[in-house]
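Raw contents of start.cif, mmCIF, C-alpha atoms and all ligand atoms:
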```cif
data_run
loop_
_atom_site.label_atom_id
_atom_site.label_comp_id
_atom_site.auth_asym_id
_atom_site.auth_seq_id
_atom_site.Cartn_x
_atom_site.Cartn_y
_atom_site.Cartn_z
CA MET A 1 -86.42 25.34 11.86
CA GLU A 2 -89.37 24.43 9.70
CA ARG A 3 -88.34 21.94 7.07
CA PRO A 4 -85.39 19.58 7.44
CA ARG A 5 -83.55 18.53 4.31
CA LEU A 6 -81.00 15.82 3.68
CA LYS A 7 -77.80 17.50 2.51
CA SER A 8 -76.71 16.78 -1.07
CA ILE A 9 -75.05 13.49 -0.26
CA ILE A 10 -75.22 10.06 -1.85
CA VAL A 11 -77.13 7.32 -0.02
CA GLN A 12 -76.79 3.63 -0.88
CA ARG A 13 -78.65 0.53 0.26
CA ALA A 14 -77.02 -2.83 0.89
CA GLY A 15 -79.11 -5.63 2.38
CA SER A 16 -80.59 -4.43 5.65
CA GLN A 17 -78.31 -1.40 5.84
CA VAL A 18 -78.38 2.14 4.56
CA ILE A 19 -75.00 3.65 3.69
CA ILE A 20 -74.65 7.40 3.88
CA CYS A 21 -71.68 8.80 1.94
CA ARG A 22 -71.15 11.68 4.30
CA ARG A 23 -67.77 12.66 2.87
CA ALA A 24 -65.89 11.59 -0.24
CA LEU A 25 -63.94 8.96 1.67
CA GLU A 26 -66.31 8.23 4.54
CA ARG A 27 -69.30 5.93 4.80
CA VAL A 28 -71.79 5.82 7.65
CA TYR A 29 -73.72 2.54 8.01
CA LEU A 30 -77.20 2.55 9.53
CA ASP A 31 -79.21 -0.60 10.31
CA ASP A 32 -82.49 -0.55 8.46
CA PRO A 33 -84.20 -3.97 8.65
CA THR A 34 -87.67 -2.56 7.86
CA GLY A 35 -86.63 -0.02 5.21
CA SER A 36 -88.07 2.85 7.24
CA VAL A 37 -84.73 4.68 7.49
CA ALA A 38 -84.30 4.59 3.71
CA THR A 39 -87.83 5.93 3.26
CA LEU A 40 -87.25 8.70 5.78
CA LEU A 41 -84.03 9.70 4.00
CA GLN A 42 -85.91 9.72 0.68
CA VAL A 43 -88.53 12.06 2.10
CA LEU A 44 -85.86 14.25 3.70
CA ALA A 45 -83.93 14.46 0.42
CA GLU A 46 -86.99 16.17 -1.07
CA GLY A 47 -86.91 18.77 1.71
CA ARG A 48 -90.64 19.53 1.20
CA HIS A 49 -92.10 18.65 4.58
CA THR A 50 -92.05 20.28 7.97
CA VAL A 51 -91.19 18.13 10.97
CA GLY A 52 -94.87 17.91 11.85
CA GLU A 53 -95.75 16.69 8.34
CA LEU A 54 -93.12 13.94 8.24
CA PRO A 55 -95.19 11.16 9.93
CA GLY A 56 -97.95 11.75 7.36
CA ALA A 57 -95.50 11.79 4.44
CA LEU A 58 -93.98 8.54 5.67
CA SER A 59 -97.40 6.99 6.19
CA GLU A 60 -98.23 7.71 2.53
CA ARG A 61 -95.18 5.62 1.65
CA GLY A 62 -96.31 2.78 3.89
CA VAL A 63 -94.15 3.57 6.94
CA SER A 64 -95.97 4.09 10.21
CA VAL A 65 -94.06 6.15 12.80
CA SER A 66 -94.95 8.41 15.72
CA ASP A 67 -93.95 12.06 16.16
CA ALA A 68 -91.53 10.99 18.90
CA GLU A 69 -89.87 8.43 16.62
CA VAL A 70 -89.46 11.02 13.88
CA SER A 71 -87.94 13.48 16.37
CA ALA A 72 -85.50 10.86 17.61
CA ALA A 73 -84.52 9.91 14.06
CA LEU A 74 -84.00 13.58 13.11
CA ALA A 75 -81.85 14.18 16.18
CA HIS A 76 -79.74 11.16 15.29
CA LEU A 77 -79.33 12.22 11.66
CA ASP A 78 -78.53 15.80 12.70
CA GLY A 79 -75.90 14.37 15.02
CA LEU A 80 -74.40 12.68 11.97
CA GLU A 81 -74.29 16.16 10.36
CA VAL A 82 -76.33 15.11 7.34
CA LEU A 83 -79.35 17.41 7.79
CA ALA A 84 -79.81 21.06 6.93
CA ASP A 85 -82.55 23.67 7.01
CA ALA A 86 -84.36 23.40 3.64
CA ASP A 87 -85.36 27.07 3.72
CA GLY A 88 -81.97 28.47 4.80
CA ASP A 89 -80.97 29.94 1.43
CA ASP A 90 -84.36 31.65 1.08
CA ARG A 91 -83.42 34.06 3.83
CA LEU A 92 -80.75 35.59 1.59
CA ASP A 93 -81.39 38.03 -1.23
CA GLU A 94 -81.56 36.44 -4.66
CA ASP A 95 -78.39 38.17 -5.91
CA VAL A 96 -76.44 37.06 -2.83
CA ARG A 97 -77.74 33.52 -3.25
CA ARG A 98 -76.62 33.38 -6.85
CA ARG A 99 -73.23 34.96 -6.31
CA HIS A 100 -72.35 32.83 -3.31
CA GLN A 101 -73.92 29.58 -4.45
CA SER A 102 -70.69 27.59 -4.28
CA ASN A 103 -69.77 29.16 -0.92
CA LEU A 104 -73.19 28.17 0.45
CA ARG A 105 -72.79 24.62 -0.82
CA PHE A 106 -69.36 24.48 0.80
CA TYR A 107 -70.89 25.63 4.09
CA ASP A 108 -73.43 22.81 3.74
CA LEU A 109 -70.60 20.55 4.88
CA PHE A 110 -70.75 22.27 8.26
CA ALA A 111 -74.42 23.28 8.46
CA SER A 112 -76.95 21.66 10.78
CA LEU A 113 -80.66 21.96 11.52
CA HIS A 114 -79.82 24.79 13.89
CA ARG A 115 -77.29 26.66 11.78
CA SER A 116 -77.88 27.01 8.07
CA SER A 117 -75.33 27.70 5.36
CA ALA A 118 -77.01 31.09 5.00
CA ASP A 119 -76.28 31.78 8.69
CA ILE A 120 -72.63 30.98 8.07
CA HIS A 121 -72.52 33.23 5.01
CA THR A 122 -74.16 36.00 7.03
CA ALA A 123 -71.39 35.72 9.63
CA VAL A 124 -68.84 36.15 6.82
CA ALA A 125 -70.75 39.08 5.32
CA ARG A 126 -70.77 40.82 8.70
CA ALA A 127 -67.10 40.18 9.40
CA ARG A 128 -64.42 42.82 9.55
CA VAL A 129 -60.87 41.68 8.86
CA LEU A 130 -57.64 43.61 9.35
CA LEU A 131 -55.26 42.49 6.60
CA VAL A 132 -51.69 43.67 7.04
CA GLY A 133 -49.79 43.45 3.76
CA ALA A 134 -51.00 43.70 0.16
CA GLY A 135 -48.08 41.87 -1.44
CA GLY A 136 -47.58 38.26 -2.51
CA LEU A 137 -49.58 36.74 0.32
CA GLY A 138 -51.79 39.68 1.26
CA SER A 139 -53.14 40.24 -2.25
CA GLY A 140 -54.05 36.54 -2.47
CA VAL A 141 -55.73 36.60 0.94
CA LEU A 142 -57.62 39.73 -0.15
CA GLN A 143 -58.96 38.02 -3.26
CA ALA A 144 -59.98 34.93 -1.30
CA LEU A 145 -61.78 37.01 1.33
CA ALA A 146 -63.58 39.06 -1.32
CA GLY A 147 -64.65 35.86 -3.06
CA LEU A 148 -66.09 34.60 0.21
CA GLY A 149 -67.98 37.87 0.66
CA VAL A 150 -66.28 39.24 3.79
CA GLY A 151 -68.09 42.47 4.62
CA GLU A 152 -65.18 44.75 5.40
CA ILE A 153 -61.44 44.51 4.98
CA VAL A 154 -59.05 47.06 6.42
CA LEU A 155 -56.03 46.75 4.14
CA VAL A 156 -52.68 48.15 5.25
CA ASP A 157 -49.53 48.51 3.16
CA ASP A 158 -47.22 51.33 2.05
CA ASP A 159 -45.81 49.78 -1.13
CA ILE A 160 -46.49 50.80 -4.70
CA VAL A 161 -47.14 48.30 -7.48
CA GLU A 162 -43.98 47.35 -9.38
CA VAL A 163 -43.64 45.22 -12.48
CA LYS A 164 -41.85 42.47 -10.53
CA ASN A 165 -45.01 42.05 -8.42
CA LEU A 166 -47.06 40.94 -11.40
CA ALA A 167 -45.52 37.45 -11.39
CA ARG A 168 -47.50 36.59 -8.30
CA GLN A 169 -49.76 39.42 -7.18
CA PHE A 170 -52.67 38.77 -9.48
CA VAL A 171 -54.86 41.48 -8.04
CA TYR A 172 -52.70 44.03 -9.89
CA GLY A 173 -52.39 44.66 -13.62
CA LEU A 174 -50.27 46.87 -15.86
CA ALA A 175 -52.58 49.82 -15.27
CA ALA A 176 -51.77 49.68 -11.54
CA LEU A 177 -47.99 50.13 -11.95
CA GLY A 178 -46.79 52.99 -9.78
CA ARG A 179 -49.99 53.17 -7.75
CA PRO A 180 -50.18 52.53 -4.01
CA LYS A 181 -51.03 48.86 -3.60
CA VAL A 182 -53.86 49.46 -1.16
CA LEU A 183 -55.62 51.79 -3.61
CA ALA A 184 -55.17 49.50 -6.61
CA ALA A 185 -56.33 46.53 -4.53
CA SER A 186 -59.42 48.41 -3.26
CA ASP A 187 -60.32 49.31 -6.83
CA TRP A 188 -60.04 45.65 -7.82
CA VAL A 189 -62.37 44.61 -5.00
CA ALA A 190 -64.84 47.39 -5.86
CA GLY A 191 -65.01 46.12 -9.44
CA TYR A 192 -65.20 42.50 -8.35
CA SER A 193 -67.82 42.51 -5.64
CA PRO A 194 -70.11 45.15 -4.17
CA GLY A 195 -70.48 43.01 -1.04
CA THR A 196 -66.98 43.73 0.26
CA ARG A 197 -65.87 47.17 1.37
CA VAL A 198 -62.13 47.81 1.59
CA THR A 199 -60.71 50.55 3.78
CA PRO A 200 -57.27 51.28 2.30
CA VAL A 201 -54.59 52.41 4.75
CA ASN A 202 -51.53 53.53 2.83
CA ARG A 203 -48.89 53.44 5.50
CA ARG A 204 -46.28 51.32 7.15
CA ILE A 205 -47.04 49.93 10.57
CA THR A 206 -44.30 50.67 13.05
CA ASP A 207 -45.92 50.76 16.47
CA VAL A 208 -48.39 48.97 18.71
CA GLN A 209 -50.75 51.92 19.05
CA SER A 210 -51.47 52.18 15.33
CA ILE A 211 -52.12 48.42 15.17
CA GLN A 212 -54.49 48.77 18.08
CA ASP A 213 -56.38 51.59 16.35
CA LEU A 214 -56.70 49.53 13.17
CA ALA A 215 -57.56 46.21 14.84
CA THR A 216 -60.21 47.53 17.20
CA GLY A 217 -63.58 46.25 16.07
CA CYS A 218 -62.11 43.57 13.80
CA ASP A 219 -63.04 39.88 14.07
CA VAL A 220 -59.66 38.57 12.97
CA VAL A 221 -56.26 39.96 11.99
CA VAL A 222 -54.31 38.42 9.11
CA CYS A 223 -50.66 39.37 8.87
CA ALA A 224 -49.17 38.83 5.42
CA ALA A 225 -46.07 40.94 5.99
CA ASP A 226 -42.84 40.39 7.87
CA SER A 227 -41.38 43.80 8.41
CA PRO A 228 -40.60 45.58 10.64
CA PRO A 229 -38.98 42.49 12.23
CA ASP A 230 -41.08 42.69 15.39
CA LEU A 231 -44.37 43.10 13.46
CA HIS A 232 -45.73 39.69 14.45
CA LEU A 233 -44.99 40.29 18.11
CA MET A 234 -46.59 43.74 18.04
CA ILE A 235 -49.74 42.33 16.43
CA ASN A 236 -49.66 39.46 18.92
CA GLU A 237 -49.65 41.94 21.79
CA VAL A 238 -52.58 43.91 20.37
CA CYS A 239 -54.61 40.83 19.47
CA PHE A 240 -54.04 39.44 22.92
CA ALA A 241 -55.21 42.67 24.55
CA LEU A 242 -58.28 42.91 22.32
CA GLY A 243 -59.05 39.18 22.28
CA ILE A 244 -58.88 38.98 18.47
CA PRO A 245 -57.56 35.88 16.66
CA PHE A 246 -54.44 36.39 14.58
CA VAL A 247 -53.31 34.45 11.48
CA ALA A 248 -49.90 34.73 9.82
CA GLY A 249 -47.76 32.88 7.31
CA GLY A 250 -44.55 33.02 5.35
CA LEU A 251 -42.09 31.34 3.03
CA ALA A 252 -38.47 30.50 3.82
CA TYR A 253 -36.42 28.73 1.15
CA SER A 254 -38.88 26.05 -0.06
CA THR A 255 -40.85 25.83 3.17
CA LEU A 256 -44.33 27.32 3.49
CA SER A 257 -45.64 27.86 6.98
CA TYR A 258 -48.67 29.37 8.63
CA TRP A 259 -49.94 29.57 12.17
CA SER A 260 -52.51 31.39 14.25
CA VAL A 261 -53.10 32.57 17.79
CA TRP A 262 -56.43 32.27 19.57
CA PRO A 263 -56.30 34.66 22.51
CA GLY A 264 -57.58 33.14 25.72
CA ARG A 265 -57.51 29.67 24.17
CA THR A 266 -53.94 29.02 23.03
CA PRO A 267 -50.42 30.15 23.88
CA CYS A 268 -49.48 33.35 22.10
CA ARG A 269 -46.82 34.15 19.50
CA GLN A 270 -44.52 35.55 22.17
CA CYS A 271 -44.49 32.09 23.78
CA LEU A 272 -43.11 30.65 20.55
CA GLU A 273 -40.41 33.31 20.51
CA LEU A 274 -39.39 32.50 24.08
CA ASN A 275 -39.42 28.74 23.38
CA ARG A 276 -37.19 29.30 20.36
CA ALA A 277 -34.78 31.41 22.42
CA ASP A 278 -34.54 28.54 24.93
CA GLU A 279 -33.82 26.07 22.14
CA ALA A 280 -31.23 28.38 20.57
CA ALA A 281 -29.45 28.64 23.91
CA GLU A 282 -28.98 24.86 23.83
CA LEU A 283 -27.21 24.97 20.45
CA PRO A 284 -23.43 24.66 20.19
CA ALA A 285 -21.77 28.07 20.11
CA GLU A 286 -20.73 27.75 16.45
CA LEU A 287 -24.36 27.31 15.39
CA ARG A 288 -25.52 30.21 17.47
CA ASP A 289 -23.09 32.77 16.08
CA GLY A 290 -21.63 31.03 13.06
CA VAL A 291 -23.25 32.97 10.17
CA PHE A 292 -20.45 34.37 8.03
CA ILE A 293 -22.40 34.77 4.78
CA ASP A 294 -25.65 36.60 5.37
CA PRO A 295 -27.07 37.35 1.92
CA PRO A 296 -29.63 40.05 1.21
CA ARG A 297 -33.21 38.83 1.37
CA VAL A 298 -34.67 37.36 -1.79
CA ASN A 299 -38.33 36.78 -2.55
CA ARG A 300 -39.02 33.26 -3.77
CA ALA A 301 -42.80 33.48 -3.57
CA THR A 302 -43.71 32.39 -7.09
CA GLY A 303 -47.37 32.73 -8.05
CA PRO A 304 -48.68 29.22 -7.37
CA VAL A 305 -46.80 29.09 -4.07
CA ALA A 306 -48.25 32.41 -2.96
CA GLN A 307 -51.71 31.19 -3.96
CA ILE A 308 -51.41 27.99 -1.94
CA LEU A 309 -50.28 29.77 1.18
CA SER A 310 -52.64 32.72 0.92
CA GLY A 311 -55.52 30.27 0.41
CA LEU A 312 -54.60 28.34 3.55
CA MET A 313 -54.28 31.56 5.54
CA ALA A 314 -57.67 32.78 4.31
CA MET A 315 -59.21 29.42 5.27
CA GLU A 316 -57.78 29.69 8.76
CA ALA A 317 -59.07 33.26 9.14
CA MET A 318 -62.51 32.09 8.05
CA ARG A 319 -62.53 29.33 10.67
CA TYR A 320 -62.31 32.06 13.30
CA VAL A 321 -65.11 34.03 11.64
CA THR A 322 -67.51 31.21 10.83
CA HIS A 323 -66.76 28.66 13.58
CA THR A 324 -67.49 25.95 11.03
CA ASP A 325 -64.56 23.89 12.26
CA PRO A 326 -61.79 24.55 14.79
CA PRO A 327 -58.73 26.51 13.63
CA VAL A 328 -56.10 24.05 12.41
CA ALA A 329 -53.09 26.27 13.10
CA ALA A 330 -53.88 27.67 16.56
CA ALA A 331 -50.51 27.76 18.36
CA ALA A 332 -49.27 25.28 15.77
CA TYR A 333 -46.77 25.68 12.97
CA ASN A 334 -48.34 24.17 9.87
CA VAL A 335 -45.65 23.46 7.32
CA ILE A 336 -45.69 22.44 3.66
CA GLU A 337 -42.30 21.46 2.29
CA LEU A 338 -42.17 22.01 -1.46
CA ALA A 339 -38.79 20.32 -1.79
CA ASP A 340 -40.09 17.12 -0.27
CA GLY A 341 -43.16 16.18 -2.28
CA MET A 342 -45.38 18.81 -0.60
CA THR A 343 -45.11 16.98 2.71
CA THR A 344 -47.23 18.61 5.37
CA SER A 345 -46.47 18.66 9.07
CA ARG A 346 -47.84 20.37 12.13
CA SER A 347 -46.08 21.12 15.39
CA SER A 348 -47.78 22.80 18.32
CA TRP A 349 -45.99 25.17 20.61
CA SER A 350 -46.62 25.40 24.32
CA ARG A 351 -47.08 28.24 26.70
CA HIS A 352 -43.80 29.66 28.00
CA PRO A 353 -43.62 30.18 31.77
CA LYS A 354 -42.00 33.57 31.29
CA CYS A 355 -44.54 34.96 28.79
CA LEU A 356 -45.92 38.07 30.43
CA LEU A 357 -48.93 38.18 28.11
CA CYS A 358 -50.06 34.63 28.85
CA ASP A 359 -49.11 34.98 32.50
CA GLY A 360 -51.30 38.06 32.79
CA ALA A 361 -54.17 36.06 31.33
CA GLY A 362 -53.99 33.72 34.30
ZN ZN B 1 -47.67 33.85 25.51
#
```

Just give me the structure as structure tokens.
Ligand SMILES: [Zn+2]
Amino acid sequence: MERPRLKSIIVQRAGSQVIICRRALERVYLDDPTGSVATLLQVLAEGRHTVGELPGALSERGVSVSDAEVSAALAHLDGLEVLADADGDDRLDEDVRRRHQSNLRFYDLFASLHRSSADIHTAVARARVLLVGAGGLGSGVLQALAGLGVGEIVLVDDDIVEVKNLARQFVYGLAALGRPKVLAASDWVAGYSPGTRVTPVNRRITDVQSIQDLATGCDVVVCAADSPPDLHLMINEVCFALGIPFVAGGLAYSTLSYWSVWPGRTPCRQCLELNRADEAAELPAELRDGVFIDPPRVNRATGPVAQILSGLMAMEAMRYVTHTDPPVAAAAYNVIELADGMTTSRSSWSRHPKCLLCDGAG
């Protein structure tokens, strides 16, 4: 790290205090009876000086400090997550910098003196994601990942584009009708961004071995499909064996949900299944077996709903890739209830004593 820079954040002064507006709704108060903190922040906002030059730059503004005092102040400010590497962006090519400007400024929120926004972007650009499903959720996740500049996406689906898809699968247009979704989606990405390579896999996943072949070498698996019925459990098994995080989501009635599994860190998806079976066993008999109208499945994923959920799933996948912040849905059902004012809730599930996968992990 050569030159520290204050992130693009508002700083206020009130009496003998400096107020750092670190987030939109968060203020950090620092005591500053001599005004030296405010001056240091002013110099850091310019981002022109190396650490070694800071005492001199401060001295020019009438503040006398030692190297050790500057180091201590920088460590404190970095601990408050308000400093970044002023030269970070310069390590990226000009075209990358321009294209991903807003992504880089988003990463600023998580950057530090030791990890620049460019470092975070580079992690994304090197990432390989297995995306299962190119429908309502998968096509939205694909667009979000391409926008972020994910390096490689292995996209699996065996559907063709139908006119009914166009209400919510915005990656497809009229010209794509009748084409395999994975091919039409790859063409969209190719025309959208040269930084993302899509490997289209035009087939239906039915077994663990083919998931294993596809997932090997990936950084995260996103499942945006729900058939065959045991798809999530098959992916869970593979991700557990390979140590790859796994993100999934879905819509039932008016309830959006998404969750993830962090192998080695959280209980797996099989644990949830076993917990649910235990809970179902406690239900009165009429609730266990009482379904007498079982209608055919309908798809209620209207465009905005699919966009919300696919965006949240893409965000969760990126947390595993970038390590900017911890995954929010690891072994936790995150729910958004559309019929109840978009209320959000989160419920964690625990490890089941009879889960062979988690048991094998010790
Ligand atoms: Zn488990």

Would you tabulate, counting all atoms listed in the file, all residues of stretch 181-214 of chain A that have an atom at most 7 Å from an atom of stretch 141-148 of chain A, showing the closest pair of atoms and their distance in Å to one decimal, sorted by chain then ascending number, as a Markdown table?
```
| residue | atom | partner | partner_atom | distance |
| --- | --- | --- | --- | --- |
| A:Val189 | CA | A:Ala146 | CA | 6.8 |
| A:Ser193 | CA | A:Ala146 | CA | 7.0 |
| A:Thr196 | CA | A:Ala146 | CA | 6.0 |
```

Exercise answer, 8 Å around ligand ZN 1 (chain B) with only C-alpha atoms and all ligand atoms, as a ChimeraX atom specification: /A:267-272,351-352,355-359

In terms of the shortest atom-to-atom distance over only C-alpha atoms, which of A:Ala118, A:Val156, A:Val321, A:Leu74 is closest to A:Pro245?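 Residue with the minimum atom-to-atom distance to A:Pro245: A:Val321.
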
re atom CA of A:Leu80 and atom CA of A:Ser36: distance 17.5 Å

Work out how far apart atom CA of A:Leu251 and atom CA of A:Glu282 are and give it in Å to one decimal.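 If I compute the distance from atom CA of A:Leu251 to atom CA of A:Glu282, I get 25.4 Å.
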
Pick out the closest residue to A:Thr122 from this set: A:Ala38, A:Val222, A:Ala281, A:Leu104. Count all atoms listed in the file.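 Smallest distance to A:Thr122 is found for A:Leu104.
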
When you count all atoms listed in the file, which of these residues is closest to A:Ala125: A:His232, A:His49, A:Arg346, A:Arg197?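 Checking each of A:His232, A:His49, A:Arg346, A:Arg197 against A:Ala125, counting all atoms listed in the file, the winner is A:Arg197.
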
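Among the candidates A:Val51, A:Arg126, A:Leu214, A:Leu109, the residue lying nearest to A:Ala72 is A:Val51 (atoms considered: all atoms listed in the file).
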
Considering only C-alpha atoms, return as a PyMOL selection string whatever protein or nucleic-acid residues lie within 10 Å of stretch 170-182 of chain A, sequence-local ones (same chain, fewer than 4 positions apart) excluded. chain A and resi 133-136+138-140+142-143+154-166+186-189+198-203+303+307

When distances are computed from all atoms listed in the file, which of A:Ala111, A:Cys218, A:Leu312, A:Val291 shows the smallest separation from A:Leu130?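 Counting all atoms listed in the file, the residue closest to A:Leu130 is A:Cys218.
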
Using all atoms listed in the file, which protein or nucleic acid residues come within 12 Å of A:Arg48? Drop anything in the same chain fewer than 2 positions from it, and give the result as an NGL selection string. :A and (2-6 or 42-46 or 50-54 or 57 or 85-87)

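Minimum atom-to-atom distance to A:Asn299, evaluated using all atoms listed in the file, belongs to A:Ala252 out of A:Val18, A:Val247, A:Met318, A:Ala252.
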
List as a PDB file with C-alpha atoms, in the coordinates of the input the residues having at least one atom at most 12 Å from position (-52.8, 24.9, 17.2) as given in the file, counting only C-alpha atoms.
```
ATOM      1  CA  PRO A 245     -57.560  35.880  16.660  1.00  0.00           C
ATOM      2  CA  PHE A 246     -54.440  36.390  14.580  1.00  0.00           C
ATOM      3  CA  VAL A 247     -53.310  34.450  11.480  1.00  0.00           C
ATOM      4  CA  TYR A 258     -48.670  29.370   8.630  1.00  0.00           C
ATOM      5  CA  TRP A 259     -49.940  29.570  12.170  1.00  0.00           C
ATOM      6  CA  SER A 260     -52.510  31.390  14.250  1.00  0.00           C
ATOM      7  CA  VAL A 261     -53.100  32.570  17.790  1.00  0.00           C
ATOM      8  CA  TRP A 262     -56.430  32.270  19.570  1.00  0.00           C
ATOM      9  CA  PRO A 263     -56.300  34.660  22.510  1.00  0.00           C
ATOM     10  CA  ARG A 265     -57.510  29.670  24.170  1.00  0.00           C
ATOM     11  CA  THR A 266     -53.940  29.020  23.030  1.00  0.00           C
ATOM     12  CA  PRO A 267     -50.420  30.150  23.880  1.00  0.00           C
ATOM     13  CA  CYS A 268     -49.480  33.350  22.100  1.00  0.00           C
ATOM     14  CA  ARG A 269     -46.820  34.150  19.500  1.00  0.00           C
ATOM     15  CA  LEU A 272     -43.110  30.650  20.550  1.00  0.00           C
ATOM     16  CA  GLU A 316     -57.780  29.690   8.760  1.00  0.00           C
ATOM     17  CA  PRO A 326     -61.790  24.550  14.790  1.00  0.00           C
ATOM     18  CA  PRO A 327     -58.730  26.510  13.630  1.00  0.00           C
ATOM     19  CA  VAL A 328     -56.100  24.050  12.410  1.00  0.00           C
ATOM     20  CA  ALA A 329     -53.090  26.270  13.100  1.00  0.00           C
ATOM     21  CA  ALA A 330     -53.880  27.670  16.560  1.00  0.00           C
ATOM     22  CA  ALA A 331     -50.510  27.760  18.360  1.00  0.00           C
ATOM     23  CA  ALA A 332     -49.270  25.280  15.770  1.00  0.00           C
ATOM     24  CA  TYR A 333     -46.770  25.680  12.970  1.00  0.00           C
ATOM     25  CA  ASN A 334     -48.340  24.170   9.870  1.00  0.00           C
ATOM     26  CA  ARG A 346     -47.840  20.370  12.130  1.00  0.00           C
ATOM     27  CA  SER A 347     -46.080  21.120  15.390  1.00  0.00           C
ATOM     28  CA  SER A 348     -47.780  22.800  18.320  1.00  0.00           C
ATOM     29  CA  TRP A 349     -45.990  25.170  20.610  1.00  0.00           C
ATOM     30  CA  SER A 350     -46.620  25.400  24.320  1.00  0.00           C
ATOM     31  CA  ARG A 351     -47.080  28.240  26.700  1.00  0.00           C
TER      32      ARG A 351
END
```

With a distance cut-off of 9 Å and all atoms listed in the file, select the neighbouring residues of A:Asp325, excluding the residue or stretch itself and same-chain residues fewer than 4 positions from it, and output the selection as a ChimeraX atom specification. /A:110,319-320

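Atom CA of A:Ser112 sits 28.6 Å away from atom CA of A:Gly15.
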
A:Asp31 surroundings by all atoms listed in the file, 7 Å radius, close-in-sequence under 2 positions cut, as a list in words: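 Once the nearby chain positions are removed, what remains is Ser16, Gln17, Val18, Tyr29 and Pro33 of chain A.
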
I'd like the contact shell of A:Ser210 - 12 Å cut-off, only C-alpha atoms, skipping same-chain residues fewer than 3 positions apart - returned as a ChimeraX atom specification. /A:132,156,201,203-207,213-216,231,234-235,238
